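Trainee: What follows is final_21.cif, mmCIF, C-alpha atoms.
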data_start
loop_
_atom_site.label_atom_id
_atom_site.label_comp_id
_atom_site.auth_asym_id
_atom_site.auth_seq_id
_atom_site.Cartn_x
_atom_site.Cartn_y
_atom_site.Cartn_z
CA MET A 28 -3.44 65.67 61.51
CA THR A 29 -5.49 65.07 58.41
CA THR A 30 -6.60 67.62 55.90
CA ARG A 31 -10.25 67.45 55.02
CA THR A 32 -11.10 67.95 51.40
CA THR A 33 -14.43 69.56 50.82
CA ALA A 34 -16.23 70.21 47.56
CA ASP A 35 -15.52 73.92 48.01
CA GLU A 36 -11.77 73.65 48.39
CA VAL A 37 -9.90 75.07 45.39
CA LYS A 38 -7.29 72.68 44.06
CA PRO A 39 -5.44 74.29 41.14
CA TRP A 40 -3.90 71.93 38.63
CA GLY A 41 -0.12 71.52 39.04
CA ARG A 42 2.30 71.90 36.12
CA GLN A 43 2.18 68.19 35.30
CA GLU A 44 -1.63 68.13 35.50
CA MET A 45 -1.85 71.17 33.21
CA ALA A 46 0.33 69.40 30.64
CA ALA A 47 -1.71 66.20 31.03
CA ARG A 48 -5.02 68.08 30.68
CA LEU A 49 -3.85 69.61 27.40
CA ALA A 50 -2.33 66.34 26.10
CA ARG A 51 -5.76 64.67 26.48
CA ASP A 52 -7.13 67.01 23.79
CA ILE A 53 -4.48 66.25 21.13
CA PRO A 54 -5.91 63.64 18.76
CA GLU A 55 -3.97 61.01 16.86
CA GLY A 56 -2.34 62.20 13.68
CA TRP A 57 -1.68 65.82 14.59
CA TYR A 58 1.63 67.50 13.80
CA VAL A 59 2.49 69.60 16.85
CA ASN A 60 5.10 72.21 17.74
CA LEU A 61 5.73 72.84 21.44
CA GLY A 62 7.19 76.08 22.75
CA LEU A 63 9.69 76.52 25.55
CA GLY A 64 8.91 75.91 29.23
CA LEU A 65 5.64 74.25 30.33
CA PRO A 66 4.68 72.94 26.85
CA THR A 67 7.77 70.69 26.81
CA LEU A 68 6.07 68.52 29.48
CA ILE A 69 3.23 67.55 27.11
CA PRO A 70 4.78 64.57 25.23
CA ASP A 71 5.01 62.58 28.49
CA TYR A 72 1.21 62.58 28.67
CA ILE A 73 0.33 61.49 25.13
CA PRO A 74 -1.18 58.02 25.68
CA GLN A 75 0.98 55.16 24.44
CA GLY A 76 -0.07 54.08 20.97
CA ARG A 77 -1.53 57.46 19.99
CA GLU A 78 0.66 58.70 17.14
CA VAL A 79 1.34 62.43 17.42
CA VAL A 80 4.31 63.88 15.50
CA PHE A 81 6.36 66.56 17.27
CA HIS A 82 8.05 69.27 15.20
CA SER A 83 11.16 71.17 16.23
CA GLU A 84 11.68 74.52 14.49
CA ASN A 85 15.33 73.76 13.74
CA GLY A 86 14.35 71.11 11.23
CA VAL A 87 12.86 67.98 12.82
CA LEU A 88 9.58 66.11 12.46
CA GLY A 89 9.39 63.12 14.79
CA MET A 90 11.25 64.49 17.79
CA GLY A 91 11.58 61.89 20.55
CA PRO A 92 12.43 62.12 24.25
CA VAL A 93 15.69 63.26 25.82
CA PRO A 94 18.20 60.38 25.56
CA PRO A 95 19.99 58.68 28.46
CA LYS A 96 23.38 60.34 29.05
CA ASP A 97 25.34 57.45 27.50
CA GLN A 98 23.30 57.48 24.27
CA VAL A 99 23.50 61.16 23.34
CA ASP A 100 24.03 62.17 19.69
CA THR A 101 25.24 65.75 20.08
CA TRP A 102 24.27 66.55 16.47
CA LEU A 103 20.60 66.36 17.49
CA VAL A 104 19.16 69.31 19.41
CA ASN A 105 15.73 70.92 19.87
CA ALA A 106 14.69 74.58 19.89
CA THR A 107 16.24 75.10 23.34
CA LYS A 108 19.45 73.44 22.10
CA GLN A 109 19.01 70.39 24.35
CA ASN A 110 19.96 66.98 22.97
CA ILE A 111 17.02 64.95 21.70
CA THR A 112 16.29 61.67 19.94
CA LEU A 113 14.46 60.90 16.71
CA VAL A 114 11.54 58.45 16.61
CA LYS A 115 11.08 55.90 13.83
CA GLY A 116 9.76 57.78 10.80
CA ALA A 117 11.45 61.05 11.74
CA SER A 118 12.71 63.43 9.05
CA LEU A 119 15.25 66.25 8.94
CA PHE A 120 15.05 69.42 6.81
CA HIS A 121 16.53 72.90 6.65
CA HIS A 122 15.31 76.08 8.32
CA ALA A 123 13.53 77.65 5.34
CA ASP A 124 11.52 74.45 4.86
CA SER A 125 10.85 74.14 8.58
CA PHE A 126 9.43 77.65 8.79
CA GLY A 127 7.66 77.09 5.49
CA MET A 128 5.79 74.27 7.23
CA ILE A 129 4.96 76.66 10.06
CA ARG A 130 3.99 79.70 8.00
CA GLY A 131 2.16 77.58 5.43
CA GLY A 132 -0.28 76.31 8.03
CA HIS A 133 0.84 72.68 7.89
CA LEU A 134 1.16 72.24 11.66
CA ASP A 135 -2.13 71.23 13.29
CA LEU A 136 -1.21 72.75 16.61
CA CYS A 137 1.31 74.94 18.31
CA VAL A 138 1.40 75.23 22.11
CA LEU A 139 3.19 78.24 23.56
CA GLY A 140 3.63 79.85 26.92
CA ALA A 141 2.60 83.50 27.23
CA TYR A 142 2.63 86.59 29.44
CA GLU A 143 -0.86 87.60 28.35
CA VAL A 144 -3.75 86.47 26.16
CA ALA A 145 -6.52 88.90 25.18
CA GLU A 146 -10.17 88.16 24.44
CA ASN A 147 -9.69 88.79 20.71
CA GLY A 148 -6.96 86.11 20.59
CA ASP A 149 -3.96 88.47 20.81
CA ILE A 150 -0.88 86.92 22.40
CA ALA A 151 2.06 88.64 24.11
CA ASN A 152 4.90 86.26 24.87
CA TRP A 153 8.20 87.62 23.56
CA ALA A 154 9.03 90.92 25.27
CA THR A 155 8.08 92.29 28.65
CA SER A 156 8.80 95.91 27.87
CA GLN A 157 9.73 98.32 25.11
CA ASN A 158 13.37 98.40 26.21
CA ASP A 159 14.67 94.92 27.00
CA ALA A 160 18.46 94.91 27.38
CA VAL A 161 18.91 92.82 24.25
CA PRO A 162 15.59 91.85 22.64
CA ALA A 163 15.03 88.33 21.26
CA VAL A 164 12.09 86.80 19.39
CA GLY A 165 13.19 83.46 17.92
CA GLY A 166 10.35 81.61 16.21
CA ALA A 167 7.49 82.87 18.41
CA MET A 168 5.97 85.23 15.83
CA ASP A 169 6.25 82.68 13.01
CA LEU A 170 4.62 79.95 15.12
CA SER A 171 1.86 82.24 16.39
CA ALA A 172 0.95 83.61 12.96
CA GLY A 173 1.36 80.38 11.03
CA SER A 174 -0.06 77.38 12.92
CA LYS A 175 -3.56 76.11 12.12
CA ARG A 176 -4.37 76.52 15.80
CA LEU A 177 -2.52 78.11 18.67
CA TRP A 178 -3.16 76.98 22.23
CA VAL A 179 -1.54 78.72 25.19
CA LEU A 180 -0.45 76.89 28.34
CA MET A 181 0.27 79.24 31.24
CA GLU A 182 -0.46 80.09 34.86
CA HIS A 183 -3.78 81.92 35.21
CA THR A 184 -2.22 84.92 36.97
CA THR A 185 1.23 86.41 37.56
CA LYS A 186 3.17 85.50 40.70
CA ASP A 187 1.66 88.65 42.23
CA GLY A 188 -1.85 87.50 41.39
CA LEU A 189 -2.38 89.92 38.48
CA PRO A 190 -4.55 88.71 35.59
CA ARG A 191 -2.90 87.34 32.44
CA ILE A 192 -6.20 86.71 30.70
CA VAL A 193 -7.10 90.22 29.71
CA SER A 194 -9.34 92.45 27.61
CA ARG A 195 -6.32 93.87 25.86
CA CYS A 196 -2.61 92.95 26.07
CA ALA A 197 -0.34 95.49 27.76
CA TYR A 198 2.92 93.81 26.70
CA PRO A 199 4.20 93.99 23.10
CA LEU A 200 2.22 91.65 20.83
CA THR A 201 3.61 88.46 19.33
CA ALA A 202 0.62 88.08 16.99
CA SER A 203 -2.93 89.35 16.73
CA CYS A 204 -6.19 87.33 16.83
CA VAL A 205 -4.55 83.90 16.78
CA VAL A 206 -5.07 82.13 20.15
CA LYS A 207 -7.84 79.53 20.02
CA ARG A 208 -7.68 78.12 23.56
CA VAL A 209 -5.95 78.73 26.88
CA TYR A 210 -5.06 76.05 29.45
CA THR A 211 -4.22 77.43 32.89
CA ASN A 212 -3.81 76.02 36.39
CA LEU A 213 -7.45 76.98 37.03
CA ALA A 214 -9.38 76.44 33.80
CA VAL A 215 -9.59 75.59 30.12
CA ILE A 216 -10.94 78.55 28.18
CA ASP A 217 -11.86 78.88 24.50
CA VAL A 218 -11.33 82.12 22.61
CA THR A 219 -14.49 82.70 20.56
CA GLU A 220 -16.08 85.48 18.58
CA ARG A 221 -18.25 86.09 21.65
CA GLY A 222 -15.19 86.35 23.93
CA PHE A 223 -13.76 83.89 26.46
CA GLU A 224 -15.83 80.74 27.10
CA VAL A 225 -14.94 78.42 29.99
CA LEU A 226 -14.83 74.71 29.03
CA ASP A 227 -13.47 73.18 32.21
CA MET A 228 -12.32 74.26 35.67
CA ALA A 229 -9.96 72.79 38.28
CA PRO A 230 -11.63 71.18 41.32
CA GLY A 231 -13.37 73.74 43.53
CA VAL A 232 -13.05 76.64 41.04
CA THR A 233 -16.30 78.48 40.32
CA LEU A 234 -17.06 80.88 37.49
CA GLU A 235 -17.21 83.68 40.11
CA SER A 236 -13.82 82.85 41.64
CA LEU A 237 -12.32 82.49 38.17
CA GLN A 238 -13.79 85.83 37.08
CA SER A 239 -12.27 87.53 40.13
CA CYS A 240 -8.72 86.77 38.91
CA THR A 241 -9.44 87.40 35.22
CA ASP A 242 -9.42 90.82 33.59
CA ALA A 243 -11.69 89.95 30.65
CA LYS A 244 -15.34 88.85 30.85
CA LEU A 245 -15.86 85.07 31.11
CA ARG A 246 -18.94 82.95 30.38
CA MET A 247 -19.59 79.24 30.49
CA ALA A 248 -19.44 77.46 27.12
CA GLY A 249 -22.54 75.88 25.62
CA MET B 16 38.66 69.59 -13.96
CA ILE B 17 36.34 71.27 -11.52
CA ASP B 18 37.98 71.30 -8.12
CA LYS B 19 36.60 73.57 -5.40
CA ARG B 20 38.81 72.09 -2.70
CA VAL B 21 41.27 74.43 -1.02
CA ALA B 22 44.22 73.30 1.07
CA SER B 23 43.84 75.48 4.15
CA ILE B 24 41.41 77.60 6.12
CA ALA B 25 43.49 80.65 5.17
CA ASP B 26 42.98 79.82 1.47
CA ALA B 27 39.28 79.33 2.13
CA MET B 28 38.94 82.78 3.69
CA ALA B 29 41.11 84.68 1.21
CA GLY B 30 39.62 87.85 -0.25
CA VAL B 31 36.77 88.45 2.21
CA LYS B 32 36.37 92.24 2.06
CA ASP B 33 35.71 94.81 4.77
CA GLY B 34 32.01 95.62 5.00
CA SER B 35 30.90 92.16 3.83
CA VAL B 36 27.50 90.71 4.69
CA VAL B 37 28.29 87.23 6.06
CA LEU B 38 25.71 84.45 6.44
CA LEU B 39 26.75 82.17 9.29
CA GLY B 40 25.25 78.67 9.43
CA GLY B 41 24.36 77.00 12.71
CA PHE B 42 21.66 76.88 15.36
CA GLY B 43 23.45 77.63 18.59
CA VAL B 44 26.77 75.88 18.11
CA VAL B 45 25.40 72.87 16.18
CA GLY B 46 26.30 73.21 12.51
CA GLN B 47 28.19 76.45 13.09
CA PRO B 48 31.55 76.41 11.26
CA GLN B 49 33.88 77.29 14.16
CA GLU B 50 37.10 76.79 12.21
CA LEU B 51 35.96 79.08 9.37
CA LEU B 52 35.04 81.69 11.98
CA GLY B 53 38.54 81.29 13.39
CA GLY B 54 39.81 81.82 9.85
CA LEU B 55 37.74 84.99 9.51
CA ILE B 56 39.27 86.30 12.73
CA GLU B 57 42.76 85.62 11.35
CA GLN B 58 41.90 87.01 7.91
CA GLY B 59 41.14 90.44 9.34
CA ALA B 60 38.02 91.71 7.48
CA ARG B 61 36.16 94.32 9.54
CA ASP B 62 32.95 96.31 9.58
CA LEU B 63 31.10 93.05 8.96
CA THR B 64 27.37 92.40 8.99
CA ILE B 65 26.82 88.93 10.44
CA VAL B 66 23.56 87.06 9.81
CA SER B 67 23.16 84.35 12.44
CA ASN B 68 20.21 82.89 14.33
CA ASN B 69 22.01 83.37 17.67
CA ALA B 70 24.60 85.80 18.99
CA GLY B 71 27.15 83.09 19.67
CA PHE B 72 25.43 80.98 22.33
CA GLY B 73 27.76 78.02 22.96
CA SER B 74 30.12 79.29 20.28
CA PRO B 75 33.72 80.05 21.17
CA MET B 76 34.44 82.07 18.01
CA LEU B 77 31.52 84.44 17.33
CA PRO B 78 31.82 86.28 20.71
CA LYS B 79 35.54 86.64 19.96
CA LEU B 80 34.74 88.32 16.64
CA PHE B 81 32.43 90.76 18.50
CA ALA B 82 35.06 91.42 21.18
CA LEU B 83 37.60 92.32 18.50
CA GLY B 84 35.23 95.04 17.28
CA ARG B 85 35.00 93.54 13.82
CA VAL B 86 31.21 93.38 13.55
CA ALA B 87 29.19 96.50 12.76
CA LYS B 88 25.80 94.82 12.67
CA LEU B 89 24.12 91.56 13.67
CA ILE B 90 20.96 90.32 11.93
CA CYS B 91 19.56 87.76 14.33
CA SER B 92 16.35 86.21 15.74
CA PHE B 93 17.45 85.12 19.20
CA PRO B 94 20.54 86.83 20.66
CA ARG B 95 20.10 85.05 24.02
CA PRO B 96 21.79 83.96 26.14
CA THR B 97 23.76 87.04 25.17
CA PRO B 98 27.55 86.83 25.19
CA PRO B 99 28.96 89.64 27.40
CA ALA B 100 31.06 90.96 24.50
CA PHE B 101 27.92 91.54 22.43
CA GLU B 102 25.89 93.04 25.27
CA GLU B 103 28.60 95.58 26.11
CA LEU B 104 28.97 96.75 22.50
CA PHE B 105 25.19 96.84 22.05
CA LYS B 106 24.61 98.94 25.16
CA ALA B 107 27.43 101.28 24.11
CA GLY B 108 25.80 101.72 20.71
CA LYS B 109 28.86 100.23 18.97
CA ILE B 110 27.01 97.39 17.28
CA ALA B 111 23.64 97.45 15.54
CA LEU B 112 21.06 94.70 16.01
CA GLU B 113 18.36 93.97 13.44
CA LEU B 114 15.95 91.61 15.20
CA VAL B 115 14.08 89.45 12.68
CA PRO B 116 11.68 86.54 13.33
CA GLN B 117 13.48 83.25 12.73
CA GLY B 118 11.36 82.13 9.79
CA THR B 119 11.56 85.55 8.19
CA ILE B 120 15.37 85.42 8.26
CA ALA B 121 15.26 82.00 6.59
CA GLU B 122 12.76 83.14 3.95
CA ARG B 123 14.59 86.39 3.20
CA ILE B 124 17.70 84.31 2.52
CA ARG B 125 15.74 81.85 0.36
CA ALA B 126 14.21 84.76 -1.57
CA ALA B 127 17.68 86.15 -2.31
CA ALA B 128 18.79 82.71 -3.49
CA VAL B 129 15.91 82.20 -5.91
CA GLY B 130 15.68 85.65 -7.49
CA VAL B 131 12.69 86.96 -5.55
CA PRO B 132 13.33 90.56 -4.41
CA ALA B 133 10.59 90.73 -1.78
CA PHE B 134 7.63 88.76 -0.43
CA TYR B 135 4.63 89.17 1.86
CA THR B 136 4.41 87.23 5.12
CA PRO B 137 1.81 87.02 7.90
CA THR B 138 4.60 86.79 10.50
CA ALA B 139 4.96 89.87 12.75
CA VAL B 140 1.87 91.68 11.39
CA GLY B 141 0.56 94.03 14.09
CA THR B 142 3.78 93.82 16.14
CA ARG B 143 6.61 96.24 16.64
CA LEU B 144 8.86 94.17 14.35
CA ALA B 145 6.61 95.20 11.45
CA GLU B 146 6.65 98.90 12.29
CA GLY B 147 7.43 101.08 9.28
CA LYS B 148 7.09 98.21 6.81
CA GLU B 149 4.69 98.05 3.91
CA VAL B 150 1.56 95.99 4.61
CA ARG B 151 -0.97 94.70 2.13
CA GLU B 152 -4.16 92.70 2.27
CA PHE B 153 -4.64 89.49 0.27
CA ASP B 154 -7.94 87.58 0.47
CA GLY B 155 -8.91 89.33 3.69
CA ARG B 156 -5.66 88.77 5.57
CA THR B 157 -2.93 91.32 6.26
CA TYR B 158 0.69 90.66 5.35
CA VAL B 159 3.94 92.56 5.78
CA MET B 160 6.48 92.97 3.00
CA GLU B 161 9.99 91.66 3.62
CA ARG B 162 13.01 92.14 1.37
CA ALA B 163 15.41 89.46 0.15
CA LEU B 164 18.62 89.25 2.17
CA HIS B 165 21.60 89.07 -0.18
CA ALA B 166 25.06 88.31 1.13
CA ASP B 167 28.66 88.54 0.04
CA VAL B 168 29.86 85.47 1.90
CA ALA B 169 28.29 82.34 3.44
CA LEU B 170 30.18 80.27 5.99
CA ILE B 171 28.83 76.72 6.00
CA GLN B 172 29.47 73.52 7.94
CA ALA B 173 28.84 70.27 6.05
CA TRP B 174 29.27 66.62 7.03
CA ARG B 175 30.36 65.28 3.64
CA ALA B 176 31.53 67.08 0.52
CA ASP B 177 33.14 66.23 -2.82
CA ARG B 178 35.37 68.31 -5.09
CA TRP B 179 32.37 69.69 -7.00
CA GLY B 180 31.02 71.11 -3.75
CA ASN B 181 28.07 68.74 -3.37
CA LEU B 182 27.14 68.61 0.30
CA THR B 183 25.32 66.54 2.91
CA PHE B 184 24.73 67.46 6.55
CA ARG B 185 24.51 65.67 9.89
CA GLY B 186 21.45 65.67 12.18
CA THR B 187 20.16 69.11 13.11
CA GLY B 188 23.54 70.53 12.01
CA ARG B 189 21.64 71.07 8.74
CA ASN B 190 19.54 74.01 10.09
CA PHE B 191 20.34 77.25 8.19
CA ASN B 192 23.32 75.79 6.30
CA PRO B 193 21.62 74.60 3.07
CA VAL B 194 19.59 77.78 2.59
CA MET B 195 22.51 80.07 3.45
CA ALA B 196 24.75 78.16 1.03
CA THR B 197 22.49 79.27 -1.83
CA ALA B 198 22.35 83.02 -1.19
CA ALA B 199 25.91 84.41 -1.16
CA LYS B 200 28.32 85.50 -3.88
CA LEU B 201 31.05 83.46 -2.18
CA THR B 202 30.01 80.26 -0.39
CA ILE B 203 32.76 78.76 1.74
CA VAL B 204 32.30 75.29 3.24
CA GLN B 205 34.16 73.40 5.92
CA THR B 206 33.44 69.69 5.76
CA ARG B 207 34.09 66.96 8.28
CA HIS B 208 34.59 64.38 5.50
CA MET B 209 35.93 64.91 1.98
CA VAL B 210 34.83 62.12 -0.32
CA GLU B 211 35.58 61.11 -3.92
CA LEU B 212 33.39 62.43 -6.71
CA GLY B 213 30.57 59.93 -7.22
CA GLU B 214 30.63 58.69 -3.66
CA LEU B 215 27.70 60.86 -2.56
CA ASP B 216 24.37 59.33 -3.59
CA PRO B 217 22.74 61.83 -5.99
CA GLU B 218 19.38 61.03 -4.32
CA SER B 219 20.77 62.20 -0.98
CA ILE B 220 22.77 65.32 -1.87
CA VAL B 221 21.22 68.25 0.03
CA THR B 222 23.20 71.13 -1.49
CA PRO B 223 24.15 70.76 -5.16
CA GLY B 224 27.67 71.97 -5.92
CA ILE B 225 26.51 74.85 -8.13
CA PHE B 226 26.02 76.94 -4.98
CA VAL B 227 29.47 76.25 -3.51
CA ASN B 228 32.73 78.06 -4.31
CA ARG B 229 35.29 76.66 -1.87
CA VAL B 230 35.49 73.55 0.29
CA VAL B 231 38.06 72.92 2.99
CA HIS B 232 38.44 69.64 4.87
CA VAL B 233 38.42 70.25 8.64
CA GLU B 234 38.29 67.39 11.13
CA SER B 235 36.30 69.50 13.56
CA PRO B 236 35.07 67.96 16.82
CA ASP B 237 31.42 66.96 17.40
CA PRO B 238 29.29 69.57 19.17
CA PRO B 239 29.49 69.33 22.98
CA PRO B 240 26.62 67.56 24.85
CA ALA B 241 23.79 69.90 25.81
#
Take the structure from the file and write it as structure tokens.
Mentor:
Amino acid sequence: MTTRTTADEVKPWGRQEMAARLARDIPEGWYVNLGLGLPTLIPDYIPQGREVVFHSENGVLGMGPVPPKDQVDTWLVNATKQNITLVKGASLFHHADSFGMIRGGHLDLCVLGAYEVAENGDIANWATSQNDAVPAVGGAMDLSAGSKRLWVLMEHTTKDGLPRIVSRCAYPLTASCVVKRVYTNLAVIDVTERGFEVLDMAPGVTLESLQSCTDAKLRMAG
Amino acid sequence: MIDKRVASIADAMAGVKDGSVVLLGGFGVVGQPQELLGGLIEQGARDLTIVSNNAGFGSPMLPKLFALGRVAKLICSFPRPTPPAFEELFKAGKIALELVPQGTIAERIRAAAVGVPAFYTPTAVGTRLAEGKEVREFDGRTYVMERALHADVALIQAWRADRWGNLTFRGTGRNFNPVMATAAKLTIVQTRHMVELGELDPESIVTPGIFVNRVVHVESPDPPPA
């Protein structure tokens, strides 16, 4: 049996496609910090020859891919404490300098996952309630408040289909008015002074269908 | 002759008082001075405030210190995964947790080191981690005031050290170690390699010896693969 693909059939982007879609928009020369989860897939999709420098909050510029098991240097880890490699030209520095780079606006881009993004650019990505068993924040607030631009890479809705692109965040905020763009499995959406503007949509997605699973008002860009 | 070397971990940890604020280097287990922590356990000081990025993830010694009931408070950015010993004490209200954004911990330590009592940061503005703190506007942007974080003791892991206490680090084992080494009244270092004075290239020394009080040579193992 064959499946017929019609122009109307919705084909959400998969996790790899989401990472690839975002990677396309990172120009040569940017210094980039990637958050945990989905964003860690992005380096695989930076075209060969395009020099983008990846920052790790624990004191690395020029973070390279995960090494083969027999070539691990256990003194090199990333923000999730996984072993990494250094590329040619990499540098190491201490935590106060690393977060100075972040807070001082020296990173061109930070890509984080999130629970919610609001139309004014608010992001909620560190706590799901007011009474987590043991709360943890790590570098999320520093990265959100400090990067030149913050892009969010996340699924468009929760597993239950509830909107994560909202008028106002319900979860505790990580930072206010900082998100510039959101990449989801359904669309690429800019955060502007006029609200959310849709730049691109996955195959078969229409503005109407997108609006139906989004809490905040959407409009096409341009 | 200036000689900051001490012969044993017990000598290194001598005199740490009850109620001390202790800066603990390391990011996860990498760069965390396990043997000095072991020495602190043996030494017996209690009612400690520990400043550490994590709550002992991957660390054999920090959860042990919690389990012994020796820590009154943890100042930390990411206490996850949470060691069971910490979670039990926390839920029972027997240990306090001050959750601080990672870069704010680092900058509060740097401020203490360089004689700056407080500073304004954009991090955490408008969030519940800024609740109750002074905020102020500069050039149209809002900032929150954070205080310097002074400490009694810093426990540091270096890669190479000499008898003056000059230090270098290895890989991402650097992390909080150099900044923590500058902010305590008593900075105690365990080093994998002890080298002769003059052997460290002055161009490459990360922590100048002025910040260091004691150095002990410990042939600690490499961090485990992760």
Trainee: Quick one: residues within 6 Å of B:Leu182, all atoms listed in the file counted, chain neighbours fewer than 4 positions away excluded, as a ChimeraX atom specification?
Mentor: /B:175-176,220-222
Trainee: Name the closest residue to B:Val115 among the candidates A:Pro199, A:Gly166, A:Gly222, A:Pro190; distances are taken between atoms, counting all atoms listed in the file.
Mentor: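 Ranked by minimum distance to B:Val115, first place goes to A:Gly166.
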Trainee: For chain B, which residues have at least one atom within 6 Å of chain A, if we go by only C-alpha atoms? Write them as a PyMOL selection string, please.
Mentor: chain B and resi 92-94+116-118+121-122+138-139+142+186-187+189-191+238+240-241
Trainee: Keeping only C-alpha atoms, take the residues you just selected and write them out as a tab-separated table (two decimals), keeping the file's coordinate frame.
Mentor:
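Result file follows (selection_29.tsv):
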chain	number	residue	atom	x	y	z
B	92	SER	CA	16.35	86.21	15.74
B	93	PHE	CA	17.45	85.12	19.20
B	94	PRO	CA	20.54	86.83	20.66
B	116	PRO	CA	11.68	86.54	13.33
B	117	GLN	CA	13.48	83.25	12.73
B	118	GLY	CA	11.36	82.13	9.79
B	121	ALA	CA	15.26	82.00	6.59
B	122	GLU	CA	12.76	83.14	3.95
B	138	THR	CA	4.60	86.79	10.50
B	139	ALA	CA	4.96	89.87	12.75
B	142	THR	CA	3.78	93.82	16.14
B	186	GLY	CA	21.45	65.67	12.18
B	187	THR	CA	20.16	69.11	13.11
B	189	ARG	CA	21.64	71.07	8.74
B	190	ASN	CA	19.54	74.01	10.09
B	191	PHE	CA	20.34	77.25	8.19
B	238	PRO	CA	29.29	69.57	19.17
B	240	PRO	CA	26.62	67.56	24.85
B	241	ALA	CA	23.79	69.90	25.81
Trainee: To one decimal place, how far is atom CA of A:Thr67 from atom CA of A:Val193 in Å?
Mentor: 24.7 Å
Trainee: Selected by the PyMOL selection byres ((chain B and resi 98-109) around 8) in the shown coordinates: which residues, as a PDB file with C-alpha atoms, in the frame of the given file?
Mentor:
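expr_9.pdb, freshly written:
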ATOM      1  CA  ALA A 160      18.460  94.910  27.380  1.00  0.00           C
ATOM      2  CA  VAL A 161      18.910  92.820  24.250  1.00  0.00           C
TER       3      VAL A 161
ATOM      4  CA  ALA B  70      24.600  85.800  18.990  1.00  0.00           C
ATOM      5  CA  GLY B  71      27.150  83.090  19.670  1.00  0.00           C
ATOM      6  CA  PHE B  72      25.430  80.980  22.330  1.00  0.00           C
ATOM      7  CA  PRO B  78      31.820  86.280  20.710  1.00  0.00           C
ATOM      8  CA  LYS B  79      35.540  86.640  19.960  1.00  0.00           C
ATOM      9  CA  PHE B  81      32.430  90.760  18.500  1.00  0.00           C
ATOM     10  CA  ALA B  82      35.060  91.420  21.180  1.00  0.00           C
ATOM     11  CA  ALA B  87      29.190  96.500  12.760  1.00  0.00           C
ATOM     12  CA  ARG B  95      20.100  85.050  24.020  1.00  0.00           C
ATOM     13  CA  PRO B  96      21.790  83.960  26.140  1.00  0.00           C
ATOM     14  CA  THR B  97      23.760  87.040  25.170  1.00  0.00           C
ATOM     15  CA  ILE B 110      27.010  97.390  17.280  1.00  0.00           C
ATOM     16  CA  ALA B 111      23.640  97.450  15.540  1.00  0.00           C
ATOM     17  CA  LEU B 112      21.060  94.700  16.010  1.00  0.00           C
TER      18      LEU B 112
END
Trainee: I'd like the neighbourhood of B:Asp167 as a list in words, where a residue qualifies if any of its atoms comes within 8 Å (using all atoms listed in the file), though same-chain residues fewer than 2 positions away should be ignored.
Mentor: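 The contact residues come out as Ser35, Val36, Val37, His165, Ala169, Ala199, Lys200 and Leu201 of chain B.
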Trainee: Which is closest to A:Val209 among A:Val179, A:Val114, A:Leu134, A:Ala141, if we use all atoms listed in the file?
Mentor: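 Of A:Val179, A:Val114, A:Leu134, A:Ala141, the one nearest A:Val209, counting all atoms listed in the file, is A:Val179.
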Trainee: N, CA and C atoms are what I want for stretch 155-165 of chain B; can you complete it accordingly and write them as a compact mmCIF listing (two decimals), in the frame of the given file?
Mentor:
# COMPACT_ATOMS: atom_id res chain seq x y z
N GLY B 155 -8.38 89.02 2.36
CA GLY B 155 -8.91 89.33 3.69
C GLY B 155 -7.91 89.21 4.83
N ARG B 156 -6.64 88.86 4.51
CA ARG B 156 -5.66 88.77 5.57
C ARG B 156 -4.53 89.77 5.31
N THR B 157 -3.97 90.31 6.40
CA THR B 157 -2.93 91.32 6.26
C THR B 157 -1.54 90.68 6.31
N TYR B 158 -0.68 91.17 5.44
CA TYR B 158 0.69 90.66 5.35
C TYR B 158 1.67 91.82 5.36
N VAL B 159 2.90 91.53 5.78
CA VAL B 159 3.94 92.56 5.78
C VAL B 159 4.98 92.20 4.71
N MET B 160 5.48 93.23 4.03
CA MET B 160 6.48 92.97 3.00
C MET B 160 7.87 92.87 3.60
N GLU B 161 8.59 91.85 3.20
CA GLU B 161 9.99 91.66 3.62
C GLU B 161 10.87 91.57 2.39
N ARG B 162 12.07 92.12 2.50
CA ARG B 162 13.01 92.14 1.37
C ARG B 162 13.95 90.94 1.43
N ALA B 163 14.39 90.51 0.24
CA ALA B 163 15.41 89.46 0.15
C ALA B 163 16.68 89.91 0.86
N LEU B 164 17.38 88.96 1.44
CA LEU B 164 18.62 89.25 2.17
C LEU B 164 19.81 88.66 1.41
N HIS B 165 20.45 89.51 0.62
CA HIS B 165 21.60 89.07 -0.18
C HIS B 165 22.88 89.16 0.66
